$ cat final07.cif   # mmCIF, C-alpha atoms and all ligand atoms; chains and numbers go by the auth columns
data_entry
loop_
_atom_site.group_PDB
_atom_site.id
_atom_site.type_symbol
_atom_site.label_atom_id
_atom_site.label_comp_id
_atom_site.label_asym_id
_atom_site.label_seq_id
_atom_site.Cartn_x
_atom_site.Cartn_y
_atom_site.Cartn_z
_atom_site.B_iso_or_equiv
_atom_site.auth_seq_id
_atom_site.auth_asym_id
ATOM 1 C CA MET A 1 39.950 77.792 6.615 0.00 1 K
ATOM 2 C CA GLU A 2 43.590 78.720 6.415 0.00 2 K
ATOM 3 C CA ILE A 3 45.800 75.631 6.294 0.00 3 K
ATOM 4 C CA ILE A 4 48.004 76.263 9.338 0.00 4 K
ATOM 5 C CA GLU A 5 44.960 77.171 11.413 0.00 5 K
ATOM 6 C CA ALA A 6 43.238 73.953 10.325 0.00 6 K
ATOM 7 C CA ILE A 7 46.252 71.770 11.163 0.00 7 K
ATOM 8 C CA LYS A 8 46.543 73.373 14.589 0.00 8 K
ATOM 9 C CA LYS A 9 42.816 73.274 15.269 0.00 9 K
ATOM 10 C CA ARG A 10 42.168 69.649 14.288 0.00 10 K
ATOM 11 C CA LYS A 11 41.692 67.409 17.260 0.00 11 K
ATOM 12 C CA SER A 12 40.000 64.135 18.050 0.00 12 K
ATOM 13 C CA ILE A 13 36.330 64.623 18.927 0.00 13 K
ATOM 14 C CA ARG A 14 34.937 62.007 21.299 0.00 14 K
ATOM 15 C CA LYS A 15 31.314 63.111 21.483 0.00 15 K
ATOM 16 C CA PHE A 16 29.104 64.463 18.736 0.00 16 K
ATOM 17 C CA LYS A 17 25.752 66.213 18.631 0.00 17 K
ATOM 18 C CA PRO A 18 22.924 63.998 17.350 0.00 18 K
ATOM 19 C CA ASP A 19 22.399 66.316 14.344 0.00 19 K
ATOM 20 C CA PRO A 20 22.770 64.365 11.092 0.00 20 K
ATOM 21 C CA VAL A 21 25.462 65.165 8.529 0.00 21 K
ATOM 22 C CA SER A 22 24.189 65.149 4.973 0.00 22 K
ATOM 23 C CA LYS A 23 25.460 62.774 2.333 0.00 23 K
ATOM 24 C CA GLU A 24 26.397 65.819 0.218 0.00 24 K
ATOM 25 C CA VAL A 25 28.666 67.267 2.908 0.00 25 K
ATOM 26 C CA ILE A 26 30.433 63.937 3.465 0.00 26 K
ATOM 27 C CA ARG A 27 30.753 63.533 -0.288 0.00 27 K
ATOM 28 C CA GLU A 28 32.344 66.993 -0.523 0.00 28 K
ATOM 29 C CA THR A 29 34.713 66.119 2.353 0.00 29 K
ATOM 30 C CA LEU A 30 35.820 62.941 0.597 0.00 30 K
ATOM 31 C CA GLU A 31 36.185 64.650 -2.758 0.00 31 K
ATOM 32 C CA ILE A 32 38.515 67.272 -1.249 0.00 32 K
ATOM 33 C CA ALA A 33 40.384 64.644 0.795 0.00 33 K
ATOM 34 C CA GLY A 34 40.944 62.501 -2.283 0.00 34 K
ATOM 35 C CA ARG A 35 43.468 65.096 -3.495 0.00 35 K
ATOM 36 C CA ALA A 36 45.888 63.378 -1.090 0.00 36 K
ATOM 37 C CA PRO A 37 49.171 62.154 -2.550 0.00 37 K
ATOM 38 C CA SER A 38 49.690 58.427 -3.013 0.00 38 K
ATOM 39 C CA ALA A 39 52.630 56.356 -4.202 0.00 39 K
ATOM 40 C CA LEU A 40 52.566 56.213 -8.023 0.00 40 K
ATOM 41 C CA ASN A 41 49.124 57.882 -7.800 0.00 41 K
ATOM 42 C CA THR A 42 47.663 54.485 -6.983 0.00 42 K
ATOM 43 C CA GLN A 43 44.957 56.050 -4.730 0.00 43 K
ATOM 44 C CA PRO A 44 44.581 52.771 -2.873 0.00 44 K
ATOM 45 C CA TRP A 45 41.773 53.981 -0.594 0.00 45 K
ATOM 46 C CA GLU A 46 38.073 53.258 -0.828 0.00 46 K
ATOM 47 C CA PHE A 47 35.414 54.604 1.516 0.00 47 K
ATOM 48 C CA THR A 48 32.318 53.046 3.040 0.00 48 K
ATOM 49 C CA VAL A 49 30.183 55.629 4.803 0.00 49 K
ATOM 50 C CA ILE A 50 27.833 54.318 7.483 0.00 50 K
ATOM 51 C CA SER A 51 24.919 56.049 9.167 0.00 51 K
ATOM 52 C CA GLY A 52 21.326 55.401 10.295 0.00 52 K
ATOM 53 C CA ASP A 53 20.186 51.817 10.925 0.00 53 K
ATOM 54 C CA VAL A 54 23.366 50.279 9.525 0.00 54 K
ATOM 55 C CA MET A 55 25.450 52.219 12.014 0.00 55 K
ATOM 56 C CA GLU A 56 23.085 51.417 14.901 0.00 56 K
ATOM 57 C CA ASN A 57 23.307 47.705 14.131 0.00 57 K
ATOM 58 C CA ILE A 58 27.103 47.835 13.967 0.00 58 K
ATOM 59 C CA LYS A 59 27.256 49.699 17.288 0.00 59 K
ATOM 60 C CA LYS A 60 24.963 47.132 18.929 0.00 60 K
ATOM 61 C CA GLY A 61 27.050 44.301 17.471 0.00 61 K
ATOM 62 C CA HIS A 62 30.264 45.844 18.845 0.00 62 K
ATOM 63 C CA ILE A 63 28.824 46.201 22.337 0.00 63 K
ATOM 64 C CA GLN A 64 27.519 42.612 22.275 0.00 64 K
ATOM 65 C CA LYS A 65 31.014 41.384 21.392 0.00 65 K
ATOM 66 C CA ILE A 66 32.551 43.381 24.246 0.00 66 K
ATOM 67 C CA LYS A 67 29.929 42.202 26.750 0.00 67 K
ATOM 68 C CA SER A 68 30.578 38.593 25.655 0.00 68 K
ATOM 69 C CA GLY A 69 34.302 39.085 26.285 0.00 69 K
ATOM 70 C CA ILE A 70 35.226 38.401 22.651 0.00 70 K
ATOM 71 C CA PRO A 71 38.642 39.941 21.897 0.00 71 K
ATOM 72 C CA PRO A 72 38.901 42.354 18.945 0.00 72 K
ATOM 73 C CA ASN A 73 40.312 40.913 15.738 0.00 73 K
ATOM 74 C CA PRO A 74 41.203 43.731 13.301 0.00 74 K
ATOM 75 C CA GLU A 75 42.067 42.797 9.724 0.00 75 K
ATOM 76 C CA LEU A 76 45.151 45.001 9.708 0.00 76 K
ATOM 77 C CA LYS A 77 47.227 44.897 12.862 0.00 77 K
ATOM 78 C CA LEU A 78 47.926 48.624 12.965 0.00 78 K
ATOM 79 C CA MET A 79 49.003 49.003 16.495 0.00 79 K
ATOM 80 C CA GLU A 80 50.602 46.866 19.158 0.00 80 K
ATOM 81 C CA TRP A 81 50.312 48.796 22.404 0.00 81 K
ATOM 82 C CA PRO A 82 53.707 49.788 23.789 0.00 82 K
ATOM 83 C CA ARG A 83 54.281 48.333 27.258 0.00 83 K
ATOM 84 C CA ASP A 84 56.948 50.799 28.383 0.00 84 K
ATOM 85 C CA GLY A 85 59.156 53.667 27.230 0.00 85 K
ATOM 86 C CA ILE A 86 58.226 57.059 25.792 0.00 86 K
ATOM 87 C CA TYR A 87 55.430 55.727 23.591 0.00 87 K
ATOM 88 C CA ARG A 88 53.717 54.139 26.545 0.00 88 K
ATOM 89 C CA ASN A 89 54.266 57.363 28.537 0.00 89 K
ATOM 90 C CA ARG A 90 52.589 59.474 25.850 0.00 90 K
ATOM 91 C CA GLN A 91 49.659 57.082 25.738 0.00 91 K
ATOM 92 C CA VAL A 92 49.317 57.144 29.532 0.00 92 K
ATOM 93 C CA ASN A 93 49.545 60.958 29.584 0.00 93 K
ATOM 94 C CA LEU A 94 46.639 61.193 27.170 0.00 94 K
ATOM 95 C CA ALA A 95 44.588 58.723 29.221 0.00 95 K
ATOM 96 C CA ILE A 96 45.329 60.677 32.416 0.00 96 K
ATOM 97 C CA GLN A 97 44.150 63.906 30.766 0.00 97 K
ATOM 98 C CA LEU A 98 40.985 62.315 29.362 0.00 98 K
ATOM 99 C CA PHE A 99 40.117 60.462 32.576 0.00 99 K
ATOM 100 C CA LYS A 100 40.620 63.626 34.629 0.00 100 K
ATOM 101 C CA LEU A 101 38.320 65.644 32.384 0.00 101 K
ATOM 102 C CA MET A 102 35.731 62.837 32.444 0.00 102 K
ATOM 103 C CA GLY A 103 36.015 62.184 36.186 0.00 103 K
ATOM 104 C CA ILE A 104 36.996 58.567 35.539 0.00 104 K
ATOM 105 C CA ASP A 105 38.833 56.747 38.303 0.00 105 K
ATOM 106 C CA ARG A 106 41.537 54.545 36.734 0.00 106 K
ATOM 107 C CA LYS A 107 40.782 51.816 39.284 0.00 107 K
ATOM 108 C CA ASN A 108 37.061 51.844 38.506 0.00 108 K
ATOM 109 C CA LYS A 109 36.647 49.091 35.901 0.00 109 K
ATOM 110 C CA LYS A 110 33.004 49.949 35.194 0.00 110 K
ATOM 111 C CA GLN A 111 33.857 53.560 34.376 0.00 111 K
ATOM 112 C CA ARG A 112 36.808 52.493 32.220 0.00 112 K
ATOM 113 C CA THR A 113 34.685 49.975 30.317 0.00 113 K
ATOM 114 C CA GLU A 114 31.970 52.573 29.712 0.00 114 K
ATOM 115 C CA TRP A 115 34.608 54.930 28.330 0.00 115 K
ATOM 116 C CA MET A 116 36.097 52.239 26.096 0.00 116 K
ATOM 117 C CA GLU A 117 32.650 51.299 24.775 0.00 117 K
ATOM 118 C CA ARG A 118 32.097 54.891 23.605 0.00 118 K
ATOM 119 C CA GLY A 119 34.792 54.365 20.953 0.00 119 K
ATOM 120 C CA PHE A 120 33.055 51.212 19.761 0.00 120 K
ATOM 121 C CA ARG A 121 29.897 53.337 19.406 0.00 121 K
ATOM 122 C CA TYR A 122 31.792 55.809 17.167 0.00 122 K
ATOM 123 C CA PHE A 123 31.524 58.358 19.980 0.00 123 K
ATOM 124 C CA ASP A 124 27.817 58.840 19.130 0.00 124 K
ATOM 125 C CA ALA A 125 28.681 60.344 15.741 0.00 125 K
ATOM 126 C CA PRO A 126 25.834 60.423 13.212 0.00 126 K
ATOM 127 C CA ALA A 127 28.133 58.877 10.600 0.00 127 K
ATOM 128 C CA ALA A 128 31.501 57.190 10.179 0.00 128 K
ATOM 129 C CA ILE A 129 33.821 56.669 7.243 0.00 129 K
ATOM 130 C CA LEU A 130 35.471 53.247 6.951 0.00 130 K
ATOM 131 C CA LEU A 131 38.676 53.189 4.927 0.00 131 K
ATOM 132 C CA SER A 132 39.641 50.020 3.124 0.00 132 K
ATOM 133 C CA LEU A 133 42.373 48.689 0.836 0.00 133 K
ATOM 134 C CA ASP A 134 42.168 46.192 -1.971 0.00 134 K
ATOM 135 C CA ARG A 135 43.659 42.903 -0.762 0.00 135 K
ATOM 136 C CA SER A 136 45.648 42.566 -3.995 0.00 136 K
ATOM 137 C CA LEU A 137 47.858 45.436 -2.795 0.00 137 K
ATOM 138 C CA PRO A 138 50.721 44.888 -0.378 0.00 138 K
ATOM 139 C CA GLU A 139 49.519 45.440 3.193 0.00 139 K
ATOM 140 C CA THR A 140 52.100 47.921 4.394 0.00 140 K
ATOM 141 C CA ALA A 141 53.076 50.466 1.698 0.00 141 K
ATOM 142 C CA PRO A 142 49.547 51.738 0.887 0.00 142 K
ATOM 143 C CA VAL A 143 48.964 52.375 4.576 0.00 143 K
ATOM 144 C CA LEU A 144 51.083 55.526 4.139 0.00 144 K
ATOM 145 C CA ASP A 145 48.652 56.697 1.448 0.00 145 K
ATOM 146 C CA ILE A 146 45.700 55.880 3.698 0.00 146 K
ATOM 147 C CA GLY A 147 47.327 58.048 6.377 0.00 147 K
ATOM 148 C CA ALA A 148 47.537 60.981 3.981 0.00 148 K
ATOM 149 C CA VAL A 149 43.884 60.752 2.923 0.00 149 K
ATOM 150 C CA MET A 150 42.861 60.186 6.544 0.00 150 K
ATOM 151 C CA GLN A 151 44.411 63.475 7.664 0.00 151 K
ATOM 152 C CA ASN A 152 42.913 65.253 4.633 0.00 152 K
ATOM 153 C CA ILE A 153 39.463 63.980 5.611 0.00 153 K
ATOM 154 C CA CYS A 154 39.889 65.422 9.105 0.00 154 K
ATOM 155 C CA LEU A 155 41.082 68.799 7.781 0.00 155 K
ATOM 156 C CA ALA A 156 38.428 69.062 5.062 0.00 156 K
ATOM 157 C CA ALA A 157 35.758 68.127 7.618 0.00 157 K
ATOM 158 C CA LEU A 158 36.996 70.872 9.921 0.00 158 K
ATOM 159 C CA HIS A 159 36.714 73.375 7.076 0.00 159 K
ATOM 160 C CA LEU A 160 33.066 72.279 6.752 0.00 160 K
ATOM 161 C CA ASN A 161 32.490 72.825 10.518 0.00 161 K
ATOM 162 C CA LEU A 162 32.617 69.121 11.321 0.00 162 K
ATOM 163 C CA GLY A 163 34.656 67.243 13.872 0.00 163 K
ATOM 164 C CA THR A 164 36.298 63.843 13.475 0.00 164 K
ATOM 165 C CA CYS A 165 37.946 61.067 15.427 0.00 165 K
ATOM 166 C CA ILE A 166 40.210 58.621 13.633 0.00 166 K
ATOM 167 C CA GLU A 167 39.474 55.264 15.221 0.00 167 K
ATOM 168 C CA ASN A 168 40.933 51.804 15.192 0.00 168 K
ATOM 169 C CA GLN A 169 38.103 50.863 17.483 0.00 169 K
ATOM 170 C CA GLY A 170 35.555 51.283 14.683 0.00 170 K
ATOM 171 C CA VAL A 171 37.041 48.403 12.654 0.00 171 K
ATOM 172 C CA MET A 172 38.265 46.108 15.417 0.00 172 K
ATOM 173 C CA TYR A 173 35.355 43.700 15.003 0.00 173 K
ATOM 174 C CA PRO A 174 35.362 43.396 11.188 0.00 174 K
ATOM 175 C CA ASP A 175 32.819 40.544 11.180 0.00 175 K
ATOM 176 C CA VAL A 176 30.263 42.900 12.784 0.00 176 K
ATOM 177 C CA VAL A 177 31.006 45.715 10.328 0.00 177 K
ATOM 178 C CA ARG A 178 30.827 43.323 7.376 0.00 178 K
ATOM 179 C CA LYS A 179 27.538 41.834 8.552 0.00 179 K
ATOM 180 C CA TRP A 180 25.777 45.196 8.154 0.00 180 K
ATOM 181 C CA ALA A 181 27.854 47.300 5.743 0.00 181 K
ATOM 182 C CA ASP A 182 28.436 46.245 2.187 0.00 182 K
ATOM 183 C CA ILE A 183 32.207 45.754 2.005 0.00 183 K
ATOM 184 C CA PRO A 184 33.496 43.369 -0.660 0.00 184 K
ATOM 185 C CA LYS A 185 35.573 40.417 0.604 0.00 185 K
ATOM 186 C CA SER A 186 38.348 41.649 -1.684 0.00 186 K
ATOM 187 C CA ARG A 187 38.879 44.680 0.566 0.00 187 K
ATOM 188 C CA LEU A 188 40.799 44.922 3.817 0.00 188 K
ATOM 189 C CA LEU A 189 39.316 47.161 6.512 0.00 189 K
ATOM 190 C CA VAL A 190 42.013 49.535 7.734 0.00 190 K
ATOM 191 C CA VAL A 191 40.604 52.296 9.907 0.00 191 K
ATOM 192 C CA SER A 192 37.482 54.327 10.622 0.00 192 K
ATOM 193 C CA ILE A 193 36.760 58.014 11.106 0.00 193 K
ATOM 194 C CA ALA A 194 33.780 59.139 13.176 0.00 194 K
ATOM 195 C CA ILE A 195 32.365 62.374 11.751 0.00 195 K
ATOM 196 C CA GLY A 196 29.758 64.862 12.932 0.00 196 K
ATOM 197 C CA PHE A 197 29.154 68.133 14.707 0.00 197 K
ATOM 198 C CA PRO A 198 31.276 68.312 17.887 0.00 198 K
ATOM 199 C CA ASP A 199 29.509 68.518 21.240 0.00 199 K
ATOM 200 C CA TRP A 200 31.695 71.152 22.880 0.00 200 K
ATOM 201 C CA ASP A 201 29.936 70.699 26.241 0.00 201 K
ATOM 202 C CA PHE A 202 31.453 67.219 26.527 0.00 202 K
ATOM 203 C CA PRO A 203 34.520 67.447 28.807 0.00 203 K
ATOM 204 C CA ALA A 204 36.759 65.083 26.806 0.00 204 K
ATOM 205 C CA ASN A 205 36.417 67.335 23.767 0.00 205 K
ATOM 206 C CA ARG A 206 38.368 69.961 25.680 0.00 206 K
ATOM 207 C CA VAL A 207 41.467 67.771 25.899 0.00 207 K
ATOM 208 C CA ASP A 208 44.605 69.274 24.422 0.00 208 K
ATOM 209 C CA SER A 209 46.818 66.338 23.515 0.00 209 K
ATOM 210 C CA GLU A 210 50.512 67.009 24.114 0.00 210 K
ATOM 211 C CA ARG A 211 53.316 66.997 21.564 0.00 211 K
ATOM 212 C CA GLU A 212 57.005 66.384 22.083 0.00 212 K
ATOM 213 C CA PRO A 213 59.002 69.630 21.756 0.00 213 K
ATOM 214 C CA ILE A 214 60.361 69.756 18.213 0.00 214 K
ATOM 215 C CA ASP A 215 64.012 70.007 19.296 0.00 215 K
ATOM 216 C CA ASN A 216 63.709 66.579 20.962 0.00 216 K
ATOM 217 C CA ILE A 217 62.810 64.867 17.701 0.00 217 K
ATOM 218 C CA VAL A 218 64.783 66.636 14.950 0.00 218 K
ATOM 219 C CA ASN A 219 68.291 65.784 13.837 0.00 219 K
ATOM 220 C CA TRP A 220 69.803 68.498 11.679 0.00 220 K
ATOM 221 C CA CYS A 221 72.401 67.226 9.237 0.00 221 K
ATOM 222 C CA GLY A 222 74.682 69.385 7.117 0.00 222 K
ATOM 223 C CA PHE A 223 73.513 72.731 8.528 0.00 223 K
ATOM 224 C CA ALA A 224 75.986 75.380 9.653 0.00 224 K
HETATM 225 C C1 LIG B . 45.576 55.368 13.301 0.00 301 L
HETATM 226 C C2 LIG B . 44.880 56.017 14.465 0.00 301 L
HETATM 227 C C3 LIG B . 43.996 55.273 15.227 0.00 301 L
HETATM 228 C C4 LIG B . 43.329 55.860 16.314 0.00 301 L
HETATM 229 N N1 LIG B . 42.415 55.106 17.018 0.00 301 L
HETATM 230 C C5 LIG B . 41.754 55.670 18.038 0.00 301 L
HETATM 231 C C6 LIG B . 40.772 54.923 18.753 0.00 301 L
HETATM 232 O O1 LIG B . 40.500 53.768 18.453 0.00 301 L
HETATM 233 N N2 LIG B . 40.121 55.536 19.778 0.00 301 L
HETATM 234 C C7 LIG B . 40.390 56.842 20.133 0.00 301 L
HETATM 235 O O2 LIG B . 39.769 57.342 21.087 0.00 301 L
HETATM 236 N N3 LIG B . 41.290 57.581 19.459 0.00 301 L
HETATM 237 C C8 LIG B . 41.973 57.033 18.422 0.00 301 L
HETATM 238 N N4 LIG B . 42.887 57.780 17.716 0.00 301 L
HETATM 239 C C9 LIG B . 43.086 59.195 18.048 0.00 301 L
HETATM 240 C C10 LIG B . 44.382 59.432 18.797 0.00 301 L
HETATM 241 O O3 LIG B . 44.251 59.018 20.126 0.00 301 L
HETATM 242 C C11 LIG B . 44.708 60.945 18.700 0.00 301 L
HETATM 243 O O4 LIG B . 44.928 61.299 17.361 0.00 301 L
HETATM 244 C C12 LIG B . 45.930 61.330 19.509 0.00 301 L
HETATM 245 O O5 LIG B . 45.705 61.104 20.874 0.00 301 L
HETATM 246 C C13 LIG B . 46.298 62.811 19.313 0.00 301 L
HETATM 247 O O6 LIG B . 45.202 63.607 19.696 0.00 301 L
HETATM 248 P P1 LIG B . 44.478 64.600 18.691 0.00 301 L
HETATM 249 O O7 LIG B . 43.951 63.797 17.541 0.00 301 L
HETATM 250 O O8 LIG B . 43.374 65.232 19.497 0.00 301 L
HETATM 251 O O9 LIG B . 45.492 65.612 18.218 0.00 301 L
HETATM 252 C C14 LIG B . 43.568 57.223 16.637 0.00 301 L
HETATM 253 C C15 LIG B . 44.438 57.963 15.853 0.00 301 L
HETATM 254 C C16 LIG B . 45.094 57.380 14.780 0.00 301 L
HETATM 255 C C17 LIG B . 46.021 58.231 13.930 0.00 301 L
#

$ encode --input "final07.cif" --output "structure tokens"
Amino acid sequence: MEIIEAIKKRKSIRKFKPDPVSKEVIRETLEIAGRAPSALNTQPWEFTVISGDVMENIKKGHIQKIKSGIPPNPELKLMEWPRDGIYRNRQVNLAIQLFKLMGIDRKNKKQRTEWMERGFRYFDAPAAILLSLDRSLPETAPVLDIGAVMQNICLAALHLNLGTCIENQGVMYPDVVRKWADIPKSRLLVVSIAIGFPDWDFPANRVDSEREPIDNIVNWCGFA
């Protein structure tokens, strides 16, 4: 796939077909994605790919935690939710779009919980990639490198006819993930990517997330 087309076409997929994705295809995706740049070529990423029974157990564990009211406890605090301002507005705009497509009433707690739980079930993807960092590395700088490989994974997957959703939700209960997936204690869980064949009949997959017009976010310096 042509690069500009791939960048424009990539989007978060929030429901997948049950069809499995082969180990070979995920391996190819990761091999391509690993061409990402990293500071000093440190390549600080490592991947744990989950599927089958391991994934089912993790999903069940996540839902049990939610039902028991246990708050998430991610190992890397990637995101504090903005309470106001433009960042909050963008987040709310996305939620409005998704809820409208899904027929979710914002005041209906049951519907909202069901929607939230979908993320903790990796949006029914047949597999997910968990990205981790060695704890001996500083926590912040290598996160830039993880971001680069993360985007590459999504683009390479698209080239191979797969859809993805980058997800904090997938690593927000690290004790559950670690119980079932073999992740050394020396590694810090950073983020997950659900991967599979998109279910295009699912309304939320039709969402077109907005972007700020470029002129609102560029400062030109030294140009005529
Ligand atoms: C670091 C990161 C974490 C994310 N975590 C989640 C998540 O937990 N659940 C979710 O539904 N989407 C998650 N997303 C997807 C974003 O909501 C999505 O990228 C954004 O709304 C733009 O939409 P697009 O990916 O369709 O272009 C995450 C994206 C990033 C980059």

$ closest_residue --input "final07.cif" --among "K:Asp134, K:Glu210, K:Glu56, K:Asp84" --to "ligand LIG 301 (chain L)" --atoms "only C-alpha atoms and all ligand atoms"
K:Glu210

$ resolve_selection --input "final07.cif" --expression "the PyMOL selection byres (((not hetatm)) within 7 of (chain L and resi 301))" --output "ChimeraX atom specification"
/K:10-12,14,94,119,165-170,191,208-209

$ resolve_selection --input "final07.cif" --expression "the PyMOL selection byres (((chain K and resi 6) around 12) and not hetatm)" --output "list of chain:residue names"
K:Met1, K:Glu2, K:Ile3, K:Ile4, K:Glu5, K:Ile7, K:Lys8, K:Lys9, K:Arg10, K:Lys11, K:Gln151, K:Asn152, K:Ile153, K:Cys154, K:Leu155, K:Ala156, K:Ala157, K:Leu158, K:His159, K:Leu160, K:Asn161, K:Leu162, K:Gly163

$ write_last_selection --input "final07.cif" --atoms "C-alpha atoms" --output "PDB file, in the frame of the given file"
ATOM      1  CA  MET K   1      39.950  77.792   6.615  1.00  0.00           C
ATOM      2  CA  GLU K   2      43.590  78.720   6.415  1.00  0.00           C
ATOM      3  CA  ILE K   3      45.800  75.631   6.294  1.00  0.00           C
ATOM      4  CA  ILE K   4      48.004  76.263   9.338  1.00  0.00           C
ATOM      5  CA  GLU K   5      44.960  77.171  11.413  1.00  0.00           C
ATOM      6  CA  ILE K   7      46.252  71.770  11.163  1.00  0.00           C
ATOM      7  CA  LYS K   8      46.543  73.373  14.589  1.00  0.00           C
ATOM      8  CA  LYS K   9      42.816  73.274  15.269  1.00  0.00           C
ATOM      9  CA  ARG K  10      42.168  69.649  14.288  1.00  0.00           C
ATOM     10  CA  LYS K  11      41.692  67.409  17.260  1.00  0.00           C
ATOM     11  CA  GLN K 151      44.411  63.475   7.664  1.00  0.00           C
ATOM     12  CA  ASN K 152      42.913  65.253   4.633  1.00  0.00           C
ATOM     13  CA  ILE K 153      39.463  63.980   5.611  1.00  0.00           C
ATOM     14  CA  CYS K 154      39.889  65.422   9.105  1.00  0.00           C
ATOM     15  CA  LEU K 155      41.082  68.799   7.781  1.00  0.00           C
ATOM     16  CA  ALA K 156      38.428  69.062   5.062  1.00  0.00           C
ATOM     17  CA  ALA K 157      35.758  68.127   7.618  1.00  0.00           C
ATOM     18  CA  LEU K 158      36.996  70.872   9.921  1.00  0.00           C
ATOM     19  CA  HIS K 159      36.714  73.375   7.076  1.00  0.00           C
ATOM     20  CA  LEU K 160      33.066  72.279   6.752  1.00  0.00           C
ATOM     21  CA  ASN K 161      32.490  72.825  10.518  1.00  0.00           C
ATOM     22  CA  LEU K 162      32.617  69.121  11.321  1.00  0.00           C
ATOM     23  CA  GLY K 163      34.656  67.243  13.872  1.00  0.00           C
TER      24      GLY K 163
END

$ closest_residue --input "final07.cif" --among "K:Val207, K:Glu139, K:Asp145, K:Ala127" --to "Asp19 (chain K)" --atoms "all atoms listed in the file"
K:Ala127

$ atom_distance --input "final07.cif" --atom1 "CA of Val149 (chain K)" --atom2 "CA of Leu40 (chain K)"
14.7 Å

$ resolve_selection --input "final07.cif" --expression "the PyMOL selection byres (((chain K and resi 67-73) around 12) and not hetatm)" --output "number ranges by chain"
K: 60-66, 74-79, 110, 113-114, 116-117, 120, 168-177, 189-190

$ write_last_selection --input "final07.cif" --atoms "C-alpha atoms" --output "PDB file, in the coordinates of the input"
ATOM      1  CA  LYS K  60      24.963  47.132  18.929  1.00  0.00           C
ATOM      2  CA  GLY K  61      27.050  44.301  17.471  1.00  0.00           C
ATOM      3  CA  HIS K  62      30.264  45.844  18.845  1.00  0.00           C
ATOM      4  CA  ILE K  63      28.824  46.201  22.337  1.00  0.00           C
ATOM      5  CA  GLN K  64      27.519  42.612  22.275  1.00  0.00           C
ATOM      6  CA  LYS K  65      31.014  41.384  21.392  1.00  0.00           C
ATOM      7  CA  ILE K  66      32.551  43.381  24.246  1.00  0.00           C
ATOM      8  CA  PRO K  74      41.203  43.731  13.301  1.00  0.00           C
ATOM      9  CA  GLU K  75      42.067  42.797   9.724  1.00  0.00           C
ATOM     10  CA  LEU K  76      45.151  45.001   9.708  1.00  0.00           C
ATOM     11  CA  LYS K  77      47.227  44.897  12.862  1.00  0.00           C
ATOM     12  CA  LEU K  78      47.926  48.624  12.965  1.00  0.00           C
ATOM     13  CA  MET K  79      49.003  49.003  16.495  1.00  0.00           C
ATOM     14  CA  LYS K 110      33.004  49.949  35.194  1.00  0.00           C
ATOM     15  CA  THR K 113      34.685  49.975  30.317  1.00  0.00           C
ATOM     16  CA  GLU K 114      31.970  52.573  29.712  1.00  0.00           C
ATOM     17  CA  MET K 116      36.097  52.239  26.096  1.00  0.00           C
ATOM     18  CA  GLU K 117      32.650  51.299  24.775  1.00  0.00           C
ATOM     19  CA  PHE K 120      33.055  51.212  19.761  1.00  0.00           C
ATOM     20  CA  ASN K 168      40.933  51.804  15.192  1.00  0.00           C
ATOM     21  CA  GLN K 169      38.103  50.863  17.483  1.00  0.00           C
ATOM     22  CA  GLY K 170      35.555  51.283  14.683  1.00  0.00           C
ATOM     23  CA  VAL K 171      37.041  48.403  12.654  1.00  0.00           C
ATOM     24  CA  MET K 172      38.265  46.108  15.417  1.00  0.00           C
ATOM     25  CA  TYR K 173      35.355  43.700  15.003  1.00  0.00           C
ATOM     26  CA  PRO K 174      35.362  43.396  11.188  1.00  0.00           C
ATOM     27  CA  ASP K 175      32.819  40.544  11.180  1.00  0.00           C
ATOM     28  CA  VAL K 176      30.263  42.900  12.784  1.00  0.00           C
ATOM     29  CA  VAL K 177      31.006  45.715  10.328  1.00  0.00           C
ATOM     30  CA  LEU K 189      39.316  47.161   6.512  1.00  0.00           C
ATOM     31  CA  VAL K 190      42.013  49.535   7.734  1.00  0.00           C
TER      32      VAL K 190
END

$ residues_near_point --input "final07.cif" --point "(48.8, 47.1, -5.6)" --cutoff "12 Å" --atoms "all atoms listed in the file" --output "list in words"
Ser38, Ala39, Leu40, Asn41, Thr42, Gln43, Pro44, Trp45, Leu133, Asp134, Arg135, Ser136, Leu137, Pro138, Glu139, Thr140, Ala141, Pro142, Val143, Asp145 and Arg187 of chain K

$ write_last_selection --input "final07.cif" --atoms "C-alpha atoms" --output "mmCIF file, in the frame of the given file"
data_model
loop_
_atom_site.group_PDB
_atom_site.id
_atom_site.type_symbol
_atom_site.label_atom_id
_atom_site.label_comp_id
_atom_site.auth_asym_id
_atom_site.auth_seq_id
_atom_site.Cartn_x
_atom_site.Cartn_y
_atom_site.Cartn_z
ATOM 1 C CA SER K 38 49.690 58.427 -3.013
ATOM 2 C CA ALA K 39 52.630 56.356 -4.202
ATOM 3 C CA LEU K 40 52.566 56.213 -8.023
ATOM 4 C CA ASN K 41 49.124 57.882 -7.800
ATOM 5 C CA THR K 42 47.663 54.485 -6.983
ATOM 6 C CA GLN K 43 44.957 56.050 -4.730
ATOM 7 C CA PRO K 44 44.581 52.771 -2.873
ATOM 8 C CA TRP K 45 41.773 53.981 -0.594
ATOM 9 C CA LEU K 133 42.373 48.689 0.836
ATOM 10 C CA ASP K 134 42.168 46.192 -1.971
ATOM 11 C CA ARG K 135 43.659 42.903 -0.762
ATOM 12 C CA SER K 136 45.648 42.566 -3.995
ATOM 13 C CA LEU K 137 47.858 45.436 -2.795
ATOM 14 C CA PRO K 138 50.721 44.888 -0.378
ATOM 15 C CA GLU K 139 49.519 45.440 3.193
ATOM 16 C CA THR K 140 52.100 47.921 4.394
ATOM 17 C CA ALA K 141 53.076 50.466 1.698
ATOM 18 C CA PRO K 142 49.547 51.738 0.887
ATOM 19 C CA VAL K 143 48.964 52.375 4.576
ATOM 20 C CA ASP K 145 48.652 56.697 1.448
ATOM 21 C CA ARG K 187 38.879 44.680 0.566
#

$ atom_distance --input "final07.cif" --atom1 "CA of Leu98 (chain K)" --atom2 "CA of Ala204 (chain K)"
5.7 Å
